[in-house]
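Here the structure is laid out as structure tokens; the discussion comes afterwards.
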Amino acid sequence: MSGREEVYIAEAFASNFIAPLGPQLDRFEAAVSDYLGGGVHCVGLSSGSAALHLGLRIAGVGAGDEVWISSMTFAGGIFPVSYLGARPRFFDLDPQSWTVDTGLLARELDIAANEGRLPKAIVPTDLYGQSVDLEPLEAMAAKHGVRLLLDSAESLGAQYSNGRKAGTGGDAAILSFNGNKIITTSGGGMLVTKHKEWANEARFLSTQARDPAPHYEHSTLGYNYRLSNICAAIGLGQMEVLDERVARRREIFEHYHDALSRPGVSFMPEPDGFHSTRWLTALEIDTAITNVSKEDIRLMLLEHEIEARPLWKPMHLQPFYSGAPYCGTRTDERLFEQGLCLPSGSDLSDAEQNEVIERIGDLLDSRR
């Protein structure tokens, strides 16, 4: 916590707006919109998954439609496709950015257009705090008339190459304020869109789709997805330290990078001009060169009560999506087999990080 969250929570208590809706939620939505540069409409919701669910529904995605989506992502970034009865087609990563391969997408879109099977929407993921290559994605979506929704759950605070903030692209973007994100509302998310009508519909659907009437009248299916005013008050305090948190995460990444880079150890690349939040420090271990696997490192750290995690398991490898169509050269599979996320919280101390570095370095040196 930044130290000011309790002030805003006290204001929420004083206003007597405890349930969803209230002045703190209005201010939180405005604060995120201002941070992103204005010109976008923000709708505070209960989770990033709720935001994606609403965004897909508003985009017209329904049963039997195909949604093209990054395979290396969190389950909450794909399950909403299944909520709507749609079908995912998974796409590989670009090894130069570890985000969705835009060249592969462009080629597959041209083929699909010729065959009359274009997707209803495209959902690329800003992986580990790094923006996707936004302009090519927007151009190909416009060319084919396909809706583009950005999964920016991990990247609030990042910038695209021309200074655009992550979360401002496409028809809509989703943000997450879950407890493990750079800033948190304890649990929560947001739909960000340039379309005012999308924002209005998201607000309507997220409050049980109650029609304007003195009684409870419902003409369509709605959801209980609105962010609470109390959680929004926490978010107000967190927004004040977002850039500070991003700077700290980048500092942590650079220290790991400088201390551990060697043959067989590489870190998630950052394309020229991009500004990642480095939400998590992700690296790849080539066992053939180091004689050390990512599991060797993970288990060694765990023995010392230090948690490290594998990269996301690609969704096309998940049992639930077995047999789903997949396009790519399996860069994501290689990264899952060899990739690891190191401790990288904003409050990680120098001493704690140096211990992680020393223990990994000693293991690598012992196997040379």
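Letters for chains follow the order of the structure tokens (A, B, ...), residue numbers begin at 1 for each chain, and ligand numbers begin at 1 in the order shown.
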Pull the closest atom pair for each residue of segment 161-182 of chain A that gets at most 12 Å from segment 62-86 of chain A, along with the distance in Å to one decimal, counting only C-alpha atoms, ordering rows by chain and then ascending residue number, as a tab-separated table.
```
residue	atom	partner	partner_atom	distance
A:Ala173	CA	A:Gly77	CA	11.7
A:Ile174	CA	A:Gly77	CA	9.5
A:Leu175	CA	A:Gly77	CA	10.7
A:Ser176	CA	A:Gly76	CA	10.3
A:Asn178	CA	A:Gly76	CA	11.4
```
Can you list, as a ChimeraX atom specification, every protein, DNA or RNA residue that comes within 7 Å of His218 of chain A when you count only C-alpha atoms, leaving out same-chain residues fewer than 6 positions away?
/A:209-211
Between A:Asp171, A:Glu337, A:Glu251, A:Glu270, which is the closest to Asp94 of chain A once you count only C-alpha atoms?
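Among the listed residues, the smallest separation from Asp94 of chain A belongs to A:Glu270.
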Once DSSP has gone over the backbone, tell me which residues of segment 98-286 of chain A are in helix (DSSP H, G or I), as a count of residues only.
69
Closest atom pairs, segment 196-295 of chain A residues within 10 Å of segment 138-155 of chain A, only C-alpha atoms, as CSV:
```
residue,atom,partner,partner_atom,distance
A:Val246,CA,A:Ser155,CA,9.7
A:His275,CA,A:Ser155,CA,9.9
A:Ser276,CA,A:Ser155,CA,7.3
A:Thr277,CA,A:Ser155,CA,6.2
A:Arg278,CA,A:Ser155,CA,8.4
A:Trp279,CA,A:Glu154,CA,6.7
A:Leu280,CA,A:Glu154,CA,9.1
```
Pull N, CA and C atoms from the residues just selected and write them as an mmCIF file, in the first residue's frame.
```
data_model
loop_
_atom_site.group_PDB
_atom_site.id
_atom_site.type_symbol
_atom_site.label_atom_id
_atom_site.label_comp_id
_atom_site.auth_asym_id
_atom_site.auth_seq_id
_atom_site.Cartn_x
_atom_site.Cartn_y
_atom_site.Cartn_z
ATOM 1 N N VAL A 246 6.453 0.970 -11.330
ATOM 2 C CA VAL A 246 7.020 0.528 -12.605
ATOM 3 C C VAL A 246 8.530 0.758 -12.618
ATOM 4 N N HIS A 275 8.449 0.421 -23.669
ATOM 5 C CA HIS A 275 8.739 0.640 -22.249
ATOM 6 C C HIS A 275 7.863 -0.316 -21.457
ATOM 7 N N SER A 276 8.423 -1.479 -21.131
ATOM 8 C CA SER A 276 7.685 -2.498 -20.385
ATOM 9 C C SER A 276 7.620 -2.135 -18.911
ATOM 10 N N THR A 277 6.586 -2.602 -18.237
ATOM 11 C CA THR A 277 6.536 -2.435 -16.787
ATOM 12 C C THR A 277 7.451 -3.438 -16.098
ATOM 13 N N ARG A 278 7.888 -4.463 -16.831
ATOM 14 C CA ARG A 278 8.625 -5.579 -16.240
ATOM 15 C C ARG A 278 7.859 -6.095 -15.017
ATOM 16 N N TRP A 279 6.544 -6.292 -15.233
ATOM 17 C CA TRP A 279 5.679 -6.792 -14.157
ATOM 18 C C TRP A 279 6.315 -7.985 -13.457
ATOM 19 N N LEU A 280 6.804 -8.932 -14.237
ATOM 20 C CA LEU A 280 7.585 -10.035 -13.708
ATOM 21 C C LEU A 280 8.888 -10.121 -14.499
#
```
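Across the structure, atom CA of Ala247 of chain A and atom CA of Ser2 of chain A are spaced 14.7 Å apart.
Near Tyr326 of chain A, within a cut-off of 12 Å and counting only C-alpha atoms, sit the residues A:Val67, A:Trp68, A:Ile69, A:Ser70, A:Ser71, A:Met72, A:Arg87, A:Pro88, A:Arg89, A:Phe90, A:Phe91, A:Asp92, A:Leu93, A:Leu104, A:Leu105, A:Glu108, A:Pro314, A:Met315, A:His316, A:Leu317, A:Tyr321, A:Ser322, A:Gly323, A:Thr329, A:Arg330, A:Asp332, A:Glu333, with same-chain residues fewer than 3 positions away left out.
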Go ahead and save the residues from that selection, with N, CA and C atoms, as an mmCIF file, in the first residue's frame.
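Final output, saved to out.cif:
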```
data_model
loop_
_atom_site.group_PDB
_atom_site.id
_atom_site.type_symbol
_atom_site.label_atom_id
_atom_site.label_comp_id
_atom_site.auth_asym_id
_atom_site.auth_seq_id
_atom_site.Cartn_x
_atom_site.Cartn_y
_atom_site.Cartn_z
ATOM 1 N N VAL A 67 -12.565 -16.731 -32.042
ATOM 2 C CA VAL A 67 -11.781 -15.632 -31.479
ATOM 3 C C VAL A 67 -10.317 -16.031 -31.560
ATOM 4 N N TRP A 68 -9.506 -15.180 -32.164
ATOM 5 C CA TRP A 68 -8.079 -15.448 -32.287
ATOM 6 C C TRP A 68 -7.366 -14.796 -31.105
ATOM 7 N N ILE A 69 -6.551 -15.583 -30.407
ATOM 8 C CA ILE A 69 -6.077 -15.137 -29.102
ATOM 9 C C ILE A 69 -4.676 -15.681 -28.824
ATOM 10 N N SER A 70 -3.900 -14.928 -28.079
ATOM 11 C CA SER A 70 -2.566 -15.394 -27.696
ATOM 12 C C SER A 70 -2.682 -16.676 -26.883
ATOM 13 N N SER A 71 -1.843 -17.658 -27.208
ATOM 14 C CA SER A 71 -1.902 -18.912 -26.464
ATOM 15 C C SER A 71 -1.223 -18.793 -25.110
ATOM 16 N N MET A 72 -0.123 -18.053 -25.056
ATOM 17 C CA MET A 72 0.564 -17.899 -23.771
ATOM 18 C C MET A 72 -0.089 -16.763 -23.000
ATOM 19 N N ARG A 87 -15.276 -20.105 -29.959
ATOM 20 C CA ARG A 87 -14.180 -21.059 -30.096
ATOM 21 C C ARG A 87 -12.864 -20.303 -30.264
ATOM 22 N N PRO A 88 -11.844 -20.635 -29.463
ATOM 23 C CA PRO A 88 -10.560 -19.949 -29.625
ATOM 24 C C PRO A 88 -9.694 -20.589 -30.701
ATOM 25 N N ARG A 89 -8.941 -19.765 -31.386
ATOM 26 C CA ARG A 89 -7.836 -20.240 -32.230
ATOM 27 C C ARG A 89 -6.588 -19.579 -31.650
ATOM 28 N N PHE A 90 -5.631 -20.385 -31.220
ATOM 29 C CA PHE A 90 -4.489 -19.879 -30.469
ATOM 30 C C PHE A 90 -3.322 -19.529 -31.383
ATOM 31 N N PHE A 91 -2.585 -18.473 -30.976
ATOM 32 C CA PHE A 91 -1.468 -17.981 -31.785
ATOM 33 C C PHE A 91 -0.186 -17.901 -30.958
ATOM 34 N N ASP A 92 0.908 -18.136 -31.653
ATOM 35 C CA ASP A 92 2.249 -18.191 -31.077
ATOM 36 C C ASP A 92 2.797 -16.779 -30.826
ATOM 37 N N LEU A 93 3.959 -16.747 -30.179
ATOM 38 C CA LEU A 93 4.650 -15.503 -29.869
ATOM 39 C C LEU A 93 5.734 -15.200 -30.898
ATOM 40 N N LEU A 104 2.500 -13.459 -38.333
ATOM 41 C CA LEU A 104 1.713 -14.690 -38.420
ATOM 42 C C LEU A 104 0.223 -14.373 -38.452
ATOM 43 N N LEU A 105 -0.214 -13.466 -37.603
ATOM 44 C CA LEU A 105 -1.626 -13.071 -37.590
ATOM 45 C C LEU A 105 -2.046 -12.485 -38.934
ATOM 46 N N GLU A 108 -2.420 -15.217 -41.573
ATOM 47 C CA GLU A 108 -3.588 -16.059 -41.332
ATOM 48 C C GLU A 108 -4.890 -15.298 -41.587
ATOM 49 N N PRO A 314 1.136 -22.543 -22.261
ATOM 50 C CA PRO A 314 0.283 -22.135 -23.376
ATOM 51 C C PRO A 314 -1.086 -22.806 -23.318
ATOM 52 N N MET A 315 -2.110 -22.049 -23.652
ATOM 53 C CA MET A 315 -3.471 -22.548 -23.488
ATOM 54 C C MET A 315 -3.779 -23.700 -24.443
ATOM 55 N N HIS A 316 -3.088 -23.763 -25.595
ATOM 56 C CA HIS A 316 -3.359 -24.886 -26.503
ATOM 57 C C HIS A 316 -2.827 -26.203 -25.947
ATOM 58 N N LEU A 317 -2.008 -26.142 -24.889
ATOM 59 C CA LEU A 317 -1.517 -27.349 -24.225
ATOM 60 C C LEU A 317 -2.358 -27.733 -23.011
ATOM 61 N N TYR A 321 -8.508 -27.240 -23.411
ATOM 62 C CA TYR A 321 -8.515 -26.784 -24.806
ATOM 63 C C TYR A 321 -7.783 -27.755 -25.741
ATOM 64 N N SER A 322 -7.684 -28.987 -25.327
ATOM 65 C CA SER A 322 -7.039 -29.993 -26.159
ATOM 66 C C SER A 322 -7.738 -30.092 -27.516
ATOM 67 N N GLY A 323 -6.955 -30.011 -28.575
ATOM 68 C CA GLY A 323 -7.511 -30.105 -29.921
ATOM 69 C C GLY A 323 -7.898 -28.782 -30.538
ATOM 70 N N THR A 329 5.108 -21.556 -34.635
ATOM 71 C CA THR A 329 6.290 -22.411 -34.678
ATOM 72 C C THR A 329 6.662 -22.915 -33.290
ATOM 73 N N ARG A 330 5.772 -22.741 -32.333
ATOM 74 C CA ARG A 330 5.897 -23.262 -30.974
ATOM 75 C C ARG A 330 6.994 -22.585 -30.161
ATOM 76 N N ASP A 332 6.197 -20.400 -27.997
ATOM 77 C CA ASP A 332 5.612 -20.366 -26.662
ATOM 78 C C ASP A 332 5.861 -21.674 -25.905
ATOM 79 N N GLU A 333 5.845 -22.803 -26.612
ATOM 80 C CA GLU A 333 6.117 -24.081 -25.953
ATOM 81 C C GLU A 333 7.559 -24.135 -25.451
#
```
List every residue of segment 21-270 of chain A that DSSP, applied to the backbone of this structure, places in strand (DSSP E), and write the result as a ChimeraX atom specification.
/A:41-45,66-70,87-91,121-123,147-151,172-176,189-193,265-267
Output file for the residues above (C-alpha atoms, as a PDB file, in the first residue's frame):
```pdb
ATOM      1  CA  HIS A  41     -13.842   5.699 -21.221  1.00  0.00           C
ATOM      2  CA  CYS A  42     -13.094   3.512 -18.188  1.00  0.00           C
ATOM      3  CA  VAL A  43     -15.525   1.176 -16.455  1.00  0.00           C
ATOM      4  CA  GLY A  44     -14.429  -0.289 -13.116  1.00  0.00           C
ATOM      5  CA  LEU A  45     -15.331  -3.970 -12.805  1.00  0.00           C
ATOM      6  CA  GLU A  66     -14.062 -17.844 -33.580  1.00  0.00           C
ATOM      7  CA  VAL A  67     -11.781 -15.632 -31.479  1.00  0.00           C
ATOM      8  CA  TRP A  68      -8.079 -15.448 -32.287  1.00  0.00           C
ATOM      9  CA  ILE A  69      -6.077 -15.137 -29.102  1.00  0.00           C
ATOM     10  CA  SER A  70      -2.566 -15.394 -27.696  1.00  0.00           C
ATOM     11  CA  ARG A  87     -14.180 -21.059 -30.096  1.00  0.00           C
ATOM     12  CA  PRO A  88     -10.560 -19.949 -29.625  1.00  0.00           C
ATOM     13  CA  ARG A  89      -7.836 -20.240 -32.230  1.00  0.00           C
ATOM     14  CA  PHE A  90      -4.489 -19.879 -30.469  1.00  0.00           C
ATOM     15  CA  PHE A  91      -1.468 -17.981 -31.785  1.00  0.00           C
ATOM     16  CA  ALA A 121     -12.450 -10.729 -32.620  1.00  0.00           C
ATOM     17  CA  ILE A 122      -8.710 -10.778 -31.965  1.00  0.00           C
ATOM     18  CA  VAL A 123      -7.411 -10.745 -28.367  1.00  0.00           C
ATOM     19  CA  ARG A 147     -12.852  -6.283 -33.557  1.00  0.00           C
ATOM     20  CA  LEU A 148      -9.610  -5.895 -31.591  1.00  0.00           C
ATOM     21  CA  LEU A 149      -9.603  -6.242 -27.794  1.00  0.00           C
ATOM     22  CA  LEU A 150      -6.287  -5.892 -25.972  1.00  0.00           C
ATOM     23  CA  ASP A 151      -5.570  -7.998 -22.910  1.00  0.00           C
ATOM     24  CA  ALA A 172     -11.233  -1.892 -26.061  1.00  0.00           C
ATOM     25  CA  ALA A 173      -8.594  -3.027 -23.593  1.00  0.00           C
ATOM     26  CA  ILE A 174      -8.891  -4.796 -20.293  1.00  0.00           C
ATOM     27  CA  LEU A 175      -6.947  -4.046 -17.118  1.00  0.00           C
ATOM     28  CA  SER A 176      -6.569  -6.116 -13.969  1.00  0.00           C
ATOM     29  CA  GLY A 189     -10.479  -4.870 -13.265  1.00  0.00           C
ATOM     30  CA  MET A 190     -11.461  -2.302 -15.843  1.00  0.00           C
ATOM     31  CA  LEU A 191     -12.739  -2.062 -19.396  1.00  0.00           C
ATOM     32  CA  VAL A 192     -11.110   0.790 -21.310  1.00  0.00           C
ATOM     33  CA  THR A 193     -12.632   1.821 -24.627  1.00  0.00           C
ATOM     34  CA  VAL A 265      20.637 -17.463 -19.882  1.00  0.00           C
ATOM     35  CA  SER A 266      18.545 -14.836 -21.674  1.00  0.00           C
ATOM     36  CA  PHE A 267      15.870 -12.446 -20.508  1.00  0.00           C
TER      37      PHE A 267
END
```
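The nearest approach to Thr185 of chain A among the residues A:Ile289, A:Met1, A:Leu156, A:Ala113, with only C-alpha atoms taken into account, belongs to A:Met1.
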With distances taken over only C-alpha atoms, which residue among A:Arg367, A:Pro119, A:Thr184, A:Ser161 lies nearest Val61 of chain A?
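Among the listed residues, the smallest separation from Val61 of chain A belongs to A:Pro119.
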Near Leu363 of chain A, within 12 Å and counting only C-alpha atoms, which residues show up once chain neighbours fewer than 3 positions away are dropped, as an MDAnalysis selection string?
chainID A and resid 260 290:294 296:301 356:360 366:368
Convert the current residue selection to file output with C-alpha atoms, as a PDB file, in the first residue's frame.
```
ATOM      1  CA  LEU A 260      22.821 -13.314 -14.420  1.00  0.00           C
ATOM      2  CA  THR A 290      24.038 -24.357 -18.879  1.00  0.00           C
ATOM      3  CA  ASN A 291      23.505 -27.973 -17.772  1.00  0.00           C
ATOM      4  CA  VAL A 292      20.873 -26.484 -15.479  1.00  0.00           C
ATOM      5  CA  SER A 293      17.122 -26.635 -16.096  1.00  0.00           C
ATOM      6  CA  LYS A 294      14.522 -24.098 -15.064  1.00  0.00           C
ATOM      7  CA  ASP A 296      16.644 -27.167 -11.105  1.00  0.00           C
ATOM      8  CA  ILE A 297      16.601 -23.448 -10.330  1.00  0.00           C
ATOM      9  CA  ARG A 298      13.002 -23.360  -9.171  1.00  0.00           C
ATOM     10  CA  LEU A 299      13.391 -26.298  -6.800  1.00  0.00           C
ATOM     11  CA  MET A 300      16.725 -25.023  -5.460  1.00  0.00           C
ATOM     12  CA  LEU A 301      15.150 -21.654  -4.644  1.00  0.00           C
ATOM     13  CA  VAL A 356      18.324 -14.866  -5.325  1.00  0.00           C
ATOM     14  CA  ILE A 357      21.126 -13.802  -7.673  1.00  0.00           C
ATOM     15  CA  GLU A 358      23.834 -15.403  -5.541  1.00  0.00           C
ATOM     16  CA  ARG A 359      22.026 -18.724  -5.231  1.00  0.00           C
ATOM     17  CA  ILE A 360      21.240 -18.949  -8.956  1.00  0.00           C
ATOM     18  CA  SER A 366      28.699 -25.433 -10.193  1.00  0.00           C
ATOM     19  CA  ARG A 367      27.492 -27.031 -13.451  1.00  0.00           C
ATOM     20  CA  ARG A 368      29.963 -25.437 -15.827  1.00  0.00           C
TER      21      ARG A 368
END
```
Just want the 9 Å neighbourhood of Asp347 of chain A, counted on only C-alpha atoms, with same-chain residues fewer than 2 positions away dropped. Output as JSON, numbers by chain.
{"A": [245, 248, 344, 345, 349]}
Please save N, CA and C atoms of the selected residues as an mmCIF file, in the first residue's frame.
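Ended up saving to result_23.cif:
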```cif
data_model
loop_
_atom_site.group_PDB
_atom_site.id
_atom_site.type_symbol
_atom_site.label_atom_id
_atom_site.label_comp_id
_atom_site.auth_asym_id
_atom_site.auth_seq_id
_atom_site.Cartn_x
_atom_site.Cartn_y
_atom_site.Cartn_z
ATOM 1 N N ARG A 245 6.158 2.398 -8.928
ATOM 2 C CA ARG A 245 6.211 0.930 -8.901
ATOM 3 C C ARG A 245 6.842 0.394 -10.192
ATOM 4 N N ARG A 248 10.536 0.816 -10.132
ATOM 5 C CA ARG A 248 11.184 -0.161 -9.255
ATOM 6 C C ARG A 248 11.255 -1.532 -9.922
ATOM 7 N N SER A 344 9.985 -10.591 -8.075
ATOM 8 C CA SER A 344 10.155 -9.252 -8.646
ATOM 9 C C SER A 344 9.142 -8.258 -8.114
ATOM 10 N N GLY A 345 8.607 -8.492 -6.925
ATOM 11 C CA GLY A 345 7.655 -7.547 -6.346
ATOM 12 C C GLY A 345 8.297 -6.190 -6.112
ATOM 13 N N SER A 349 13.516 -6.319 -1.470
ATOM 14 C CA SER A 349 14.668 -5.553 -0.991
ATOM 15 C C SER A 349 15.914 -5.913 -1.789
#
```
Please identify every residue of segment 94-158 of chain A that has at least one atom no farther than 12 Å from an atom of segment 281-287 of chain A, counting only C-alpha atoms, and for each give the shortest atom pair and the distance in Å to one decimal, arranged by chain then increasing number, as JSON lines.
```
{"residue": "A:Pro95", "atom": "CA", "partner": "A:Glu284", "partner_atom": "CA", "distance": 11.5}
{"residue": "A:Trp98", "atom": "CA", "partner": "A:Ala282", "partner_atom": "CA", "distance": 10.2}
{"residue": "A:Leu127", "atom": "CA", "partner": "A:Ala282", "partner_atom": "CA", "distance": 10.1}
{"residue": "A:Tyr128", "atom": "CA", "partner": "A:Ala282", "partner_atom": "CA", "distance": 7.7}
{"residue": "A:Gly129", "atom": "CA", "partner": "A:Thr281", "partner_atom": "CA", "distance": 9.5}
{"residue": "A:Gln130", "atom": "CA", "partner": "A:Thr281", "partner_atom": "CA", "distance": 11.2}
```
Could those residues be written to a file, using N, CA and C atoms, as a compact mmCIF listing (two decimals), in the first residue's frame?
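And here's result_15.txt as it stands now:
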```
# COMPACT_ATOMS: atom_id res chain seq x y z
N PRO A 95 9.48 -14.37 -31.22
CA PRO A 95 10.64 -14.55 -30.33
C PRO A 95 11.40 -13.27 -30.04
N TRP A 98 8.31 -11.67 -27.42
CA TRP A 98 7.53 -12.53 -26.53
C TRP A 98 6.08 -12.07 -26.45
N LEU A 127 2.16 -9.41 -22.70
CA LEU A 127 2.72 -10.42 -21.82
C LEU A 127 3.74 -9.85 -20.84
N TYR A 128 3.59 -10.20 -19.57
CA TYR A 128 4.52 -9.83 -18.50
C TYR A 128 4.85 -8.34 -18.47
N GLY A 129 3.85 -7.54 -18.81
CA GLY A 129 4.01 -6.09 -18.70
C GLY A 129 4.48 -5.40 -19.96
N GLN A 130 4.60 -6.12 -21.07
CA GLN A 130 5.07 -5.53 -22.32
C GLN A 130 3.94 -5.40 -23.33
```
Exercise: Phe204 of chain A partners within 12 Å, only C-alpha atoms, chain neighbours under 5 positions left out, as a list in words:
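Once the nearby chain positions are removed, what remains is Val43, Leu45, Leu54, Ile58, Glu197, Trp198, Ala199, Ala209, Arg210, Asp211, Pro212, His218, Ser219, Thr220, Leu221, Gly222, Tyr223, Asn224, Tyr225 and Arg226 of chain A.
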Computed interatomic separation between atom CA of His257 of chain A and atom CA of Pro343 of chain A (Å)
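For atom CA of His257 of chain A relative to atom CA of Pro343 of chain A, the distance reads 13.1 Å.
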Computed interatomic separation between atom CA of Arg309 of chain A and atom CA of Gly273 of chain A (Å)
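It comes out at 28.1 Å.
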I want to know what sits within 8 Å of segment 30-37 of chain A, based on only C-alpha atoms, with residues of the same chain fewer than 4 positions away left out; could you give that as a ChimeraX atom specification?
/A:26,41-42,165-168,236,239
Output C-alpha atoms of each residue in that selection to a file, as an mmCIF file, in the first residue's frame.
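Contents of the output file selection-v4.cif:
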```
data_model
loop_
_atom_site.group_PDB
_atom_site.id
_atom_site.type_symbol
_atom_site.label_atom_id
_atom_site.label_comp_id
_atom_site.auth_asym_id
_atom_site.auth_seq_id
_atom_site.Cartn_x
_atom_site.Cartn_y
_atom_site.Cartn_z
ATOM 1 C CA ASP A 26 -16.069 7.711 -10.337
ATOM 2 C CA HIS A 41 -13.842 5.699 -21.221
ATOM 3 C CA CYS A 42 -13.094 3.512 -18.188
ATOM 4 C CA LYS A 165 0.134 3.952 -23.035
ATOM 5 C CA ALA A 166 -0.684 0.250 -22.914
ATOM 6 C CA GLY A 167 -4.420 -0.117 -22.468
ATOM 7 C CA THR A 168 -5.417 2.497 -25.042
ATOM 8 C CA LEU A 236 -7.081 5.768 -5.946
ATOM 9 C CA MET A 239 -2.649 5.092 -8.841
#
```
